[in-house]
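Raw contents of work-v3.pdb, PDB, C-alpha atoms and all ligand atoms:
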```pdb
ATOM      1  CA  MET A  54     -67.454 -58.030 -63.622
ATOM      2  CA  MET A  55     -71.148 -58.951 -63.622
ATOM      3  CA  HIS A  56     -72.602 -61.329 -61.110
ATOM      4  CA  ASN A  57     -75.950 -62.310 -59.752
ATOM      5  CA  ARG A  58     -76.907 -61.944 -56.140
ATOM      6  CA  GLU A  59     -79.932 -63.185 -54.221
ATOM      7  CA  ASP A  60     -81.625 -60.439 -52.225
ATOM      8  CA  GLY A  61     -84.413 -62.637 -50.950
ATOM      9  CA  MET A  62     -87.176 -61.485 -53.303
ATOM     10  CA  ASN A  63     -85.649 -61.013 -56.700
ATOM     11  CA  THR A  64     -82.357 -61.811 -58.245
ATOM     12  CA  LEU A  65     -80.649 -58.481 -58.405
ATOM     13  CA  ILE A  66     -78.339 -58.154 -61.355
ATOM     14  CA  THR A  67     -75.884 -55.387 -60.746
ATOM     15  CA  SER A  68     -72.341 -54.626 -61.681
ATOM     16  CA  GLY A  69     -69.805 -55.618 -59.063
ATOM     17  CA  PHE A  70     -69.649 -53.329 -56.077
ATOM     18  CA  SER A  71     -67.284 -52.995 -53.186
ATOM     19  CA  ARG A  72     -68.316 -52.323 -49.603
ATOM     20  CA  ILE A  73     -66.281 -49.756 -47.721
ATOM     21  CA  PRO A  74     -66.884 -49.330 -43.978
ATOM     22  CA  LEU A  75     -67.344 -45.685 -42.944
ATOM     23  CA  ALA A  76     -67.980 -46.333 -39.249
ATOM     24  CA  ASP A  77     -69.720 -48.950 -37.110
ATOM     25  CA  GLU A  78     -72.870 -50.009 -38.980
ATOM     26  CA  ALA A  79     -72.223 -47.549 -41.818
ATOM     27  CA  PHE A  80     -71.059 -48.525 -45.296
ATOM     28  CA  LEU A  81     -70.388 -47.070 -48.711
ATOM     29  CA  LEU A  82     -71.413 -49.493 -51.480
ATOM     30  CA  LYS A  83     -69.364 -48.318 -54.466
ATOM     31  CA  GLY A  84     -71.128 -48.749 -57.799
ATOM     32  CA  PHE A  85     -74.100 -50.600 -56.312
ATOM     33  CA  LEU A  86     -76.654 -48.954 -58.656
ATOM     34  CA  LEU A  87     -74.732 -49.117 -61.921
ATOM     35  CA  GLY A  88     -76.828 -51.919 -63.445
ATOM     36  CA  GLU A  89     -80.037 -49.850 -63.118
ATOM     37  CA  ASP A  90     -78.905 -46.223 -63.150
ATOM     38  CA  ARG A  91     -80.753 -45.260 -66.326
ATOM     39  CA  GLU A  92     -83.994 -46.817 -65.132
ATOM     40  CA  ILE A  93     -83.759 -45.057 -61.758
ATOM     41  CA  LEU A  94     -83.181 -41.697 -63.444
ATOM     42  CA  ALA A  95     -86.107 -42.226 -65.830
ATOM     43  CA  GLU A  96     -88.364 -42.958 -62.874
ATOM     44  CA  VAL A  97     -87.174 -39.866 -61.011
ATOM     45  CA  SER A  98     -87.821 -37.783 -64.113
ATOM     46  CA  ASP A  99     -91.359 -39.202 -64.402
ATOM     47  CA  LEU A 100     -92.293 -38.664 -60.766
ATOM     48  CA  SER A 101     -90.883 -35.127 -60.800
ATOM     49  CA  ARG A 102     -93.526 -34.210 -63.350
ATOM     50  CA  GLU A 103     -96.147 -35.082 -60.729
ATOM     51  CA  ALA A 104     -94.225 -33.631 -57.762
ATOM     52  CA  PRO A 105     -91.724 -31.079 -59.098
ATOM     53  CA  PHE A 106     -88.381 -30.316 -57.462
ATOM     54  CA  ARG A 107     -88.694 -27.142 -55.395
ATOM     55  CA  HIS A 108     -86.533 -25.078 -53.063
ATOM     56  CA  MET A 109     -88.026 -25.477 -49.609
ATOM     57  CA  VAL A 110     -87.661 -22.856 -46.882
ATOM     58  CA  THR A 111     -86.082 -23.657 -43.517
ATOM     59  CA  PRO A 112     -87.839 -22.746 -40.246
ATOM     60  CA  GLY A 113     -85.315 -19.884 -40.030
ATOM     61  CA  GLY A 114     -86.558 -18.465 -43.333
ATOM     62  CA  TYR A 115     -83.712 -19.468 -45.667
ATOM     63  CA  SER A 116     -84.383 -21.009 -49.061
ATOM     64  CA  MET A 117     -82.389 -24.243 -49.412
ATOM     65  CA  SER A 118     -79.822 -24.412 -52.229
ATOM     66  CA  VAL A 119     -80.777 -28.050 -52.838
ATOM     67  CA  SER A 120     -84.166 -28.579 -54.499
ATOM     68  CA  MET A 121     -86.315 -31.426 -53.237
ATOM     69  CA  THR A 122     -89.213 -33.714 -53.919
ATOM     70  CA  ASN A 123     -90.381 -37.013 -52.419
ATOM     71  CA  CYS A 124     -91.967 -40.319 -53.260
ATOM     72  CA  GLY A 125     -93.642 -42.911 -51.081
ATOM     73  CA  PRO A 126     -96.330 -42.728 -48.383
ATOM     74  CA  ARG A 127     -94.518 -39.941 -46.507
ATOM     75  CA  GLY A 128     -92.414 -37.032 -47.702
ATOM     76  CA  TRP A 129     -90.007 -34.797 -45.811
ATOM     77  CA  VAL A 130     -90.930 -31.133 -45.946
ATOM     78  CA  THR A 131     -89.724 -27.924 -44.355
ATOM     79  CA  ASP A 132     -91.295 -24.474 -44.158
ATOM     80  CA  ARG A 133     -91.563 -21.669 -41.592
ATOM     81  CA  GLN A 134     -93.528 -24.077 -39.371
ATOM     82  CA  GLY A 135     -90.637 -26.568 -39.103
ATOM     83  CA  TYR A 136     -89.374 -29.892 -40.432
ATOM     84  CA  ARG A 137     -91.781 -32.834 -40.667
ATOM     85  CA  TYR A 138     -93.089 -35.699 -42.736
ATOM     86  CA  ASP A 139     -96.319 -35.189 -44.634
ATOM     87  CA  THR A 140     -98.406 -37.676 -46.611
ATOM     88  CA  CYS A 141     -99.286 -34.994 -49.188
ATOM     89  CA  ASP A 142     -97.256 -32.680 -51.379
ATOM     90  CA  PRO A 143     -97.994 -29.150 -50.133
ATOM     91  CA  LEU A 144     -97.716 -27.823 -53.724
ATOM     92  CA  SER A 145    -100.521 -30.002 -55.073
ATOM     93  CA  GLY A 146    -102.364 -31.155 -51.956
ATOM     94  CA  ARG A 147    -102.173 -34.687 -53.366
ATOM     95  CA  PRO A 148    -100.314 -37.709 -51.986
ATOM     96  CA  TRP A 149     -96.658 -37.964 -53.010
ATOM     97  CA  PRO A 150     -96.000 -40.207 -56.037
ATOM     98  CA  ALA A 151     -95.594 -43.886 -55.219
ATOM     99  CA  MET A 152     -92.228 -45.402 -54.397
ATOM    100  CA  SER A 153     -91.553 -47.711 -57.317
ATOM    101  CA  PRO A 154     -90.942 -51.449 -56.908
ATOM    102  CA  ARG A 155     -87.426 -50.881 -58.276
ATOM    103  CA  PHE A 156     -86.634 -48.252 -55.636
ATOM    104  CA  LEU A 157     -87.968 -50.492 -52.872
ATOM    105  CA  ARG A 158     -86.072 -53.538 -54.103
ATOM    106  CA  LEU A 159     -82.769 -51.679 -54.504
ATOM    107  CA  ALA A 160     -83.068 -49.914 -51.131
ATOM    108  CA  GLU A 161     -83.859 -53.193 -49.372
ATOM    109  CA  ALA A 162     -80.985 -54.958 -51.149
ATOM    110  CA  ALA A 163     -78.507 -52.215 -50.212
ATOM    111  CA  ALA A 164     -79.636 -52.322 -46.581
ATOM    112  CA  GLY A 165     -79.368 -56.121 -46.615
ATOM    113  CA  ALA A 166     -75.843 -55.938 -48.053
ATOM    114  CA  SER A 167     -74.978 -53.736 -45.068
ATOM    115  CA  GLY A 168     -76.379 -55.996 -42.356
ATOM    116  CA  PHE A 169     -79.873 -54.503 -42.111
ATOM    117  CA  ALA A 170     -82.227 -57.194 -43.376
ATOM    118  CA  GLY A 171     -85.895 -56.525 -44.116
ATOM    119  CA  PHE A 172     -85.692 -52.758 -44.683
ATOM    120  CA  LYS A 173     -89.117 -51.451 -45.757
ATOM    121  CA  PRO A 174     -88.890 -47.675 -46.197
ATOM    122  CA  ASP A 175     -92.035 -45.536 -46.198
ATOM    123  CA  ALA A 176     -90.320 -42.317 -47.307
ATOM    124  CA  CYS A 177     -87.893 -41.335 -50.029
ATOM    125  CA  LEU A 178     -86.546 -37.788 -50.088
ATOM    126  CA  ILE A 179     -85.037 -36.830 -53.428
ATOM    127  CA  ASN A 180     -82.479 -34.011 -53.434
ATOM    128  CA  ARG A 181     -81.269 -32.287 -56.582
ATOM    129  CA  TYR A 182     -77.989 -30.344 -56.551
ATOM    130  CA  VAL A 183     -76.587 -27.939 -59.108
ATOM    131  CA  PRO A 184     -72.973 -26.719 -58.882
ATOM    132  CA  GLY A 185     -72.624 -24.634 -55.732
ATOM    133  CA  ALA A 186     -75.531 -26.298 -53.919
ATOM    134  CA  LYS A 187     -74.697 -27.813 -50.539
ATOM    135  CA  LEU A 188     -76.218 -29.318 -47.433
ATOM    136  CA  SER A 189     -75.078 -28.003 -44.065
ATOM    137  CA  LEU A 190     -74.106 -30.285 -41.189
ATOM    138  CA  HIS A 191     -77.195 -32.029 -39.824
ATOM    139  CA  GLN A 192     -78.605 -35.174 -38.246
ATOM    140  CA  ASP A 193     -81.494 -37.091 -39.775
ATOM    141  CA  LYS A 194     -83.757 -37.181 -36.747
ATOM    142  CA  ASP A 195     -87.269 -36.354 -37.951
ATOM    143  CA  GLU A 196     -88.100 -40.058 -38.341
ATOM    144  CA  LEU A 197     -89.958 -41.973 -35.638
ATOM    145  CA  ASP A 198     -88.015 -45.224 -35.989
ATOM    146  CA  PHE A 199     -84.258 -44.910 -35.363
ATOM    147  CA  SER A 200     -83.917 -48.715 -35.267
ATOM    148  CA  GLN A 201     -84.080 -48.616 -39.068
ATOM    149  CA  PRO A 202     -81.157 -47.427 -41.197
ATOM    150  CA  ILE A 203     -81.070 -44.754 -43.881
ATOM    151  CA  VAL A 204     -80.176 -45.785 -47.417
ATOM    152  CA  SER A 205     -78.816 -43.048 -49.671
ATOM    153  CA  PHE A 206     -78.391 -43.279 -53.462
ATOM    154  CA  SER A 207     -76.065 -40.965 -55.379
ATOM    155  CA  LEU A 208     -76.451 -40.269 -59.113
ATOM    156  CA  GLY A 209     -74.949 -37.770 -61.521
ATOM    157  CA  LEU A 210     -72.162 -35.386 -60.563
ATOM    158  CA  PRO A 211     -69.872 -36.472 -57.715
ATOM    159  CA  ALA A 212     -70.047 -34.824 -54.308
ATOM    160  CA  THR A 213     -67.924 -34.692 -51.199
ATOM    161  CA  PHE A 214     -69.918 -36.098 -48.328
ATOM    162  CA  GLU A 215     -68.672 -35.385 -44.814
ATOM    163  CA  PHE A 216     -69.439 -38.005 -42.234
ATOM    164  CA  GLY A 217     -69.103 -36.980 -38.614
ATOM    165  CA  GLY A 218     -69.908 -38.129 -35.128
ATOM    166  CA  LEU A 219     -72.781 -37.939 -32.681
ATOM    167  CA  THR A 220     -72.108 -34.334 -31.698
ATOM    168  CA  ARG A 221     -71.924 -31.287 -33.956
ATOM    169  CA  LYS A 222     -68.314 -30.642 -32.908
ATOM    170  CA  ALA A 223     -67.023 -34.137 -33.673
ATOM    171  CA  PRO A 224     -64.513 -34.280 -36.552
ATOM    172  CA  VAL A 225     -65.805 -35.258 -39.995
ATOM    173  CA  THR A 226     -64.270 -37.533 -42.604
ATOM    174  CA  PRO A 227     -64.720 -36.609 -46.279
ATOM    175  CA  TRP A 228     -65.880 -39.271 -48.754
ATOM    176  CA  GLN A 229     -66.348 -38.925 -52.471
ATOM    177  CA  LEU A 230     -69.826 -40.080 -53.539
ATOM    178  CA  GLU A 231     -70.046 -40.903 -57.241
ATOM    179  CA  HIS A 232     -72.749 -41.900 -59.690
ATOM    180  CA  GLY A 233     -74.086 -45.319 -58.668
ATOM    181  CA  ASP A 234     -72.868 -45.267 -55.070
ATOM    182  CA  VAL A 235     -75.043 -46.068 -52.062
ATOM    183  CA  VAL A 236     -74.432 -45.133 -48.428
ATOM    184  CA  VAL A 237     -76.187 -47.109 -45.701
ATOM    185  CA  TRP A 238     -76.093 -46.247 -42.053
ATOM    186  CA  GLY A 239     -77.973 -47.290 -39.014
ATOM    187  CA  GLY A 240     -77.657 -48.747 -35.543
ATOM    188  CA  SER A 241     -75.032 -46.940 -33.500
ATOM    189  CA  SER A 242     -74.336 -44.607 -36.451
ATOM    190  CA  ARG A 243     -77.941 -43.691 -37.198
ATOM    191  CA  LEU A 244     -77.705 -40.206 -35.680
ATOM    192  CA  ARG A 245     -74.273 -39.202 -36.933
ATOM    193  CA  TYR A 246     -73.921 -35.661 -38.217
ATOM    194  CA  HIS A 247     -73.171 -35.309 -41.919
ATOM    195  CA  SER A 248     -73.006 -32.687 -44.672
ATOM    196  CA  VAL A 249     -72.423 -32.261 -48.387
ATOM    197  CA  ARG A 250     -69.808 -29.740 -49.584
ATOM    198  CA  PRO A 251     -70.757 -27.286 -52.346
ATOM    199  CA  LEU A 252     -71.049 -29.264 -55.568
ATOM    200  CA  LYS A 253     -68.221 -28.692 -58.033
ATOM    201  CA  LYS A 254     -68.934 -27.745 -61.634
ATOM    202  CA  GLY A 255     -69.009 -30.586 -64.083
ATOM    203  CA  THR A 256     -71.031 -32.442 -66.671
ATOM    204  CA  HIS A 257     -72.250 -35.956 -66.113
ATOM    205  CA  PRO A 258     -72.991 -38.031 -69.246
ATOM    206  CA  LEU A 259     -76.495 -39.007 -67.999
ATOM    207  CA  LEU A 260     -77.475 -36.049 -65.814
ATOM    208  CA  GLY A 261     -75.614 -33.031 -67.170
ATOM    209  CA  ASP A 262     -74.883 -30.522 -64.421
ATOM    210  CA  TYR A 263     -76.978 -32.168 -61.700
ATOM    211  CA  ARG A 264     -76.463 -34.487 -58.799
ATOM    212  CA  ILE A 265     -79.442 -36.485 -57.512
ATOM    213  CA  ASN A 266     -79.470 -37.973 -54.025
ATOM    214  CA  MET A 267     -82.292 -40.212 -52.826
ATOM    215  CA  THR A 268     -82.580 -41.083 -49.140
ATOM    216  CA  PHE A 269     -84.895 -43.878 -48.067
ATOM    217  CA  ARG A 270     -86.154 -43.887 -44.506
ATOM    218  CA  CYS A 271     -88.679 -45.410 -42.148
ATOM    219  CA  ALA A 272     -90.332 -42.188 -41.090
ATOM    220  CA  GLY A 273     -93.675 -43.187 -39.710
TER     221      GLY A 273
HETATM  222  C1  LIG A 301     -76.723 -36.182 -49.909
HETATM  223  N1  LIG A 301     -77.539 -36.992 -47.869
HETATM  224  O1  LIG A 301     -75.947 -37.115 -50.032
HETATM  225  C2  LIG A 301     -77.375 -35.860 -48.615
HETATM  226  N2  LIG A 301     -78.652 -38.304 -44.800
HETATM  227  O2  LIG A 301     -76.997 -35.433 -50.827
HETATM  228  C3  LIG A 301     -77.934 -36.990 -46.604
HETATM  229  O3  LIG A 301     -78.193 -35.996 -45.985
HETATM  230  C4  LIG A 301     -78.021 -38.259 -45.952
HETATM  231  O4  LIG A 301     -76.794 -39.363 -47.659
HETATM  232  C5  LIG A 301     -78.728 -39.450 -44.136
HETATM  233  C6  LIG A 301     -78.200 -40.606 -44.629
HETATM  234  C7  LIG A 301     -77.552 -40.581 -45.819
HETATM  235  C8  LIG A 301     -77.449 -39.402 -46.526
HETATM  236 FE    FE A 302     -79.069 -36.339 -44.098
END
```

Once more with this new file: its structure as structure tokens, please.
Ligand code: MD6
Ligand code: FE
Amino acid sequence: MMHNREDGMNTLITSGFSRIPLADEAFLLKGFLLGEDREILAEVSDLSREAPFRHMVTPGGYSMSVSMTNCGPRGWVTDRQGYRYDTCDPLSGRPWPAMSPRFLRLAEAAAGASGFAGFKPDACLINRYVPGAKLSLHQDKDELDFSQPIVSFSLGLPATFEFGGLTRKAPVTPWQLEHGDVVVWGGSSRLRYHSVRPLKKGTHPLLGDYRINMTFRCAG
């Protein structure tokens, strides 16, 4: 079913989506991106020519299985020196590519649909997974402003996302994230631990054997 929805700035035309609560102030918006998935992927492809996906190294010296790039005023980076946000891509020395109006509008609309009005991210980390790639249990805590939520787009192959509690030992709940889904969390859930299980083999009609995840944050 198609319907129009006011997001305050533009009329967002998207396919119907359903909102599933994951925890207090955390939601999964199923199918939220399906009206604009091709456009989002074309923009990611374009910006990755300027700032290519690369395997970053953790402070402990391990190369990450997920490859990453960024867009927007700040980008998340890791190397032997630690995790941080940087205004420039260390590969090129130039500022990260701009965050497109579409990305900003969709991220703000998803946050708004989850009770976080007026979300204005300054960072977008883009993660690319191939089968076998995973993300270990972590908190997103390198941002300066925890009053703002994180908005996470999923495209391409499905993944199992594990959503936990505020301590590393707290039990996790698995959720399937599919092409077009958005996860939003903030407030009392902002610092919950989470992980992504090793991606299963598969072929997505638009992305082949990749999964793309984009997380929008207020970092600065
Ligand atoms: C992913 N996402 O889905 C990894 N972090 O590939 C994250 O680590 C994440 O989805 C914070 C908020 C939402 C997320
Ligand atoms: Fe995360």

Selection dump of the PyMOL selection byres (((chain A and resi 205-221) around 6) and not hetatm), as a VMD selection string: chain A and resid 204 222 to 236 245 to 250 252 257 260 263 to 268

So, with only C-alpha atoms and all ligand atoms as the atoms that count, which of A:Leu188, A:Cys177, A:Leu75, A:Ala272 lies closest to ligand FE 302 (chain A)?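 Looking only at the distances to ligand FE 302 (chain A), the closest residue turns out to be A:Leu188.
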
Please write the residues picked by the PyMOL selection byres (((chain A and resi 145) around 12) and not hetatm) on this file as a list of chain:residue names. A:Arg102, A:Glu103, A:Ala104, A:Pro105, A:Thr122, A:Thr140, A:Cys141, A:Asp142, A:Pro143, A:Leu144, A:Gly146, A:Arg147, A:Pro148, A:Trp149, A:Pro150

Would you kindly return, as a PyMOL selection string, each protein, DNA or RNA residue with an atom no farther than 7 Å from any atom of A:Ser167, considering all atoms listed in the file and excluding same-chain residues fewer than 2 positions away? chain A and resi 80+163-165+169+237

Would you mind listing the residues within 7 Å of ligand FE 302 (chain A), counting only C-alpha atoms and all ligand atoms, as a list in words?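 What falls inside 7 Å of ligand FE 302 (chain A) is His191, Gln192, Asp193 and His247 of chain A.
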
Give me the residues within 7 Å of stretch 239-242 of chain A as a ChimeraX atom specification, counting all atoms listed in the file and dropping any in the same chain fewer than 5 places off. /A:77-79,200-203

Pick from A:Arg155, A:Tyr136, A:Val119, A:Phe85, whichever lies nearest to ligand LIG 301 (chain A) using all atoms listed in the file: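 Among A:Arg155, A:Tyr136, A:Val119, A:Phe85, it is A:Val119 that comes nearest to ligand LIG 301 (chain A).
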
Could you spell out the hits of the PyMOL selection byres (((chain A and resi 196) around 9) and not hetatm) on the shown file, as a PyMOL selection string? chain A and resi 137-138+193-195+197-199+270-273

Written selection (C-alpha atoms) as an mmCIF file, in the frame of the given file:
```cif
data_model
loop_
_atom_site.group_PDB
_atom_site.id
_atom_site.type_symbol
_atom_site.label_atom_id
_atom_site.label_comp_id
_atom_site.auth_asym_id
_atom_site.auth_seq_id
_atom_site.Cartn_x
_atom_site.Cartn_y
_atom_site.Cartn_z
ATOM 1 C CA ARG A 137 -91.781 -32.834 -40.667
ATOM 2 C CA TYR A 138 -93.089 -35.699 -42.736
ATOM 3 C CA ASP A 193 -81.494 -37.091 -39.775
ATOM 4 C CA LYS A 194 -83.757 -37.181 -36.747
ATOM 5 C CA ASP A 195 -87.269 -36.354 -37.951
ATOM 6 C CA LEU A 197 -89.958 -41.973 -35.638
ATOM 7 C CA ASP A 198 -88.015 -45.224 -35.989
ATOM 8 C CA PHE A 199 -84.258 -44.910 -35.363
ATOM 9 C CA ARG A 270 -86.154 -43.887 -44.506
ATOM 10 C CA CYS A 271 -88.679 -45.410 -42.148
ATOM 11 C CA ALA A 272 -90.332 -42.188 -41.090
ATOM 12 C CA GLY A 273 -93.675 -43.187 -39.710
#
```

Hey, could you pull the box centre and edge lengths for stretch 134-152 of chain A, axis-aligned, 4 Å padding per side, all listed atoms, to one decimal in Å, as AutoDock Vina command-line options?
```
--center_x -95.9 --center_y -34.7 --center_z -47.6 --size_x 21.0 --size_y 29.3 --size_z 24.9
```

Å distance separating atom CA of A:Ser120 from atom C2 of ligand LIG 301 (chain A), one decimal place: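 Between these atoms lies a distance of 11.6 Å.
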
Point-to-point distance in Å for atom CA of A:Pro112 and atom CA of A:Gly135: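 Pair atom CA of A:Gly135 / atom CA of A:Pro112 returns 4.9 Å.
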
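Distances to ligand LIG 301 (chain A) were evaluated for A:Ser118, A:Ser98, A:Ser153, A:Asn180 using all atoms listed in the file, and the minimum falls at A:Asn180.
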
Using Å and a single decimal, report how far atom C1 of ligand LIG 301 (chain A) sits from atom CA of A:Pro184.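 Those two atoms sit 13.6 Å apart.
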
Nearest-residue call for A:Thr131, choices A:Ile93, A:Ala162, A:Leu178, A:Leu259, using all atoms listed in the file: A:Leu178

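Using only C-alpha atoms for every distance, the candidate list A:Gly261, A:Ala151, A:Arg133, A:Val183 yields A:Arg133 as the residue closest to A:Gly113.
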
Could you check which of A:Asp90, A:Asp262, A:Asp99, A:Asp132 is closest to A:Ala186, using only C-alpha atoms? A:Asp262

Residues within 8 Å of (-70.8, -55.3, -54.6), counting only C-alpha atoms, listed as a ChimeraX atom specification: /A:67-72,82-85
